[in-house]
Structures are given as structure tokens and as C-alpha cells.
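Chemist: First, the structure itself, so that you have it in front of you.
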Amino acid sequence: MILEKLSLIHYKSFEEKQFTFDAKINCLVGANGIGKTNVLDAIYHLAYGKSYFNPQSLQNIQHGKEFFVIDGIFQRDHRTENIVCSLKKGQKKIIKRNGKIYDKFSEHLGFLPLVMISPMDQDLISEGSETRRKFLDLVISNTDSVYLHQLIQYQKVLSQRNALLKFFALNRTFDATTLEIYNAQLSELGVPIFQKRKEFVQILTPIFLDFYYHIAPNKEQVSLEYVSDLNENSIETLLEESLPKDKLLQYTSKGIHKDDLEFLIEGHPLKKFGSQGQQKTFLIALKLAQFSFLKKECQHLPILLFDDIFDKLDAERVQTILDLVNQDTFGQLFISDTHPERTEEIVKKTRQSYQMIALNKS
């Protein structure tokens, strides 16, 4: 899959801008704050229907404007695909494929496989379990529409159960029959979600380890561990045992919505015991494993976006990563960097076609 052209109107820092891209490597270079990351984010937006960096959609509209439009021309399966994402203040965001509006964003997810590697990925380590669950769910949902549907339905039932618990507390009442209906629905939906997540982590782990040990100068032991209440008990048992606590808290305290993906180094939490270099290597290996998983499941080469990582890694690790990317297993690549000379020197060694795209203040 190749992104050939990109057009931006009133998107973040861009009044109006058009780009034509190389089929292999594209380097966006320029000073900090010039808009390099915004271009990568626009590409991400076309794949996922949202910004990687700013989930508040209205804040992606250029200051003082009423709307934004992102327009991309892709080559996929020897066909031209036109994907447009637009938002106007006071209206819903729209995604169109070849002129036809999607009824639901979920119908588009997975059509354009794409992986972003960014300094923002540090949130996967520093933030709570919700951030890592979202990573799990996003990757799996790209390849499994049934999983995505089950996840959406689970969240709806969970919200209903939480609302019921609040109603009980507010009105000093209790209705076991209604609660049991929600419990049964959470079990029916939660078990296959748990099984799919567990299976996914088992598949991803050896791929992740292979990338990590290619990149890491020291071969410290690292691992991924899927943590879930369902590893110990059924959802029915968990909900029954936690009911007194749930009534007090007025929300559901046990279930797959509390799952986590632990990052470990030498058996200890990466957040506390990993150096900055080890953490960055861990995250890049994780994202490259995501790339390999999507490539196999989607049967298309995902687009790979590298945002400002060359400033964050030593030269040896950067060269190792580019050596991996240079293999035929990778497709179109986008890189942002503040140093044009450094970037060009690095990409020249890949012996692939490339384009340098200099961004300047308009």
C-alpha cells in the first residue's frame, strides 16, 4: 500500500498544502514547530479517523478556521483509493472512501494498515493500564471486525451496569434481577475479548523479542505479560465477589476493562527499572512487532511513520533500525527530523529511493 498524494486544508498549522510522495522513503525535514509531525498525524488520521496526538477533533482545525480537510490518494491492490477525512465545527466528522461516506468509522478501521512510532509512545510506559489496553484493542481491531463489535458492545453494557449501580446508590434500592442480566451480557462479550487478547499477546511476544534483540546493544531479558482478572476466575465469579465493593464505588471494579499489558525487564517493571535507552528500544521493538502482525493479518505492507526518533536514539541503534527497515519486508516509510544532512546520510545507506521534503515557515 502506497500513499501517493496528500492534500491538507486548515489542518493544524497548515492553511493549504499539497504533497507528492516517493513509494519508498519520505523524509520531512525542518525546524521544530514547522509542521513535520502534523503531516504524519494527517496520514495517521486518514487510517484511523482520529489524530494520534490530539483526540479533541475540533482542536485539529487550524486556529480561526471553521473546518479541516485531509485528502489522500493511495495505491492498494493495484487500485487507486481516495480517502478523505473532514470536520466542520458543529457537525460530525466524515470519512469518505472514493466519494462514499462511511456510516460508521469502525467500517474503515483496518483498510489502511499503518504504524506510528513517536516519542509520544512513552505514554505506553508512563501512563496507566487504560493506555496499554487501547494499544491492544486498536491493533486487534485492525484485523478482527468481530472483536471490534464485541468491544463496542461490552463498553455499552458496562456503562449501563455502572449507571444502574449509581441508581441503586442514589435511590437506596437494589434489583438483583436486572443486575444479573448485565452480568450475563458482560460474561458473554468479555470471554471472547479476553481470549483474543491472550492469543494476540502470545503471537506478538516472540516477534517483539526478535526485534528487541536486534536493536538492543545489551541483551537484557525483556518480556510482555498479559494481566487479567480472568486468568484467575470467571467473569460471573468476579462480578459476584466484587458486588459489595461495586455498590460502594458505584462502578464495576472487575472485568476485562481492567486488563493490562505489563512491560518487564529482567523480571521487573520497565517503568521503574529500565533506562531511557532501554525504554525507547522496548517501544520501538513493540511497534515494529505491531507492524509485522498487521502485515501478516492484513496481507498488505503497512505504512510506517517515524516521528523524530533519530534525536532520541544513538547512532548505532538508528542504523540497526534502518537496516531492518531496508529489508523487503517493509514498504513505504515516512521520517521526520530536524537535521536534513543527518537524515539524508542515514537514508542513503538503505540504497532505496527516497525524497527529501523541506518544510519552511510560510
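In the C-alpha cells, chains take letters A, B, ... by order of appearance, with residues numbered from 1 within each chain and ligands from 1 in the order shown.
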Write out as a ChimeraX atom specification the residues lying within 12 Å of Asp77 of chain A, counting only C-alpha atoms and excluding same-chain residues fewer than 5 positions away.

Modeler: /A:1-2,111-112,298-301

Chemist: With C-alpha atoms retained, write the just-selected residues as a PDB file, in the first residue's frame.

Modeler:
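Heads up, here's the output in result02.pdb:
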```pdb
ATOM      1  CA  MET A   1       0.000   0.000   0.000  1.00  0.00           C
ATOM      2  CA  ILE A   2       1.359   3.385  -1.038  1.00  0.00           C
ATOM      3  CA  PHE A 111      -8.466  -0.696   5.485  1.00  0.00           C
ATOM      4  CA  LEU A 112      -5.235   1.335   5.632  1.00  0.00           C
ATOM      5  CA  CYS A 298      -3.995  -7.607   6.651  1.00  0.00           C
ATOM      6  CA  GLN A 299      -1.841  -9.093   3.865  1.00  0.00           C
ATOM      7  CA  HIS A 300      -0.690  -5.582   2.955  1.00  0.00           C
ATOM      8  CA  LEU A 301       2.522  -3.755   3.783  1.00  0.00           C
TER       9      LEU A 301
END
```

Chemist: Quick check for you: according to DSSP on this backbone, which residues of segment 93-331 of chain A are classed as alpha helix (DSSP H)? Reply as a count of residues only.

Modeler: 136

Chemist: Let me make sure I understand: among A:Phe19, A:Tyr52, A:Tyr147, A:Tyr212, which one has the smallest atom-to-atom distance to Met116 of chain A if we use only C-alpha atoms?

Modeler: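 Result for the nearest residue to Met116 of chain A: A:Tyr52.
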
Chemist: Could you name the residues that touch Lys196 of chain A at 10 Å or less, counting only C-alpha atoms, but leaving out those on the same chain fewer than 6 positions away, as a ChimeraX atom specification?

Modeler: /A:136-137,140,144,147,190,202

Chemist: What does the structure give for the distance between atom CA of Glu81 of chain A and atom CA of Phe306 of chain A, in Å to one decimal?

Modeler: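 So the two atoms, atom CA of Glu81 of chain A and atom CA of Phe306 of chain A, lie 23.4 Å apart.
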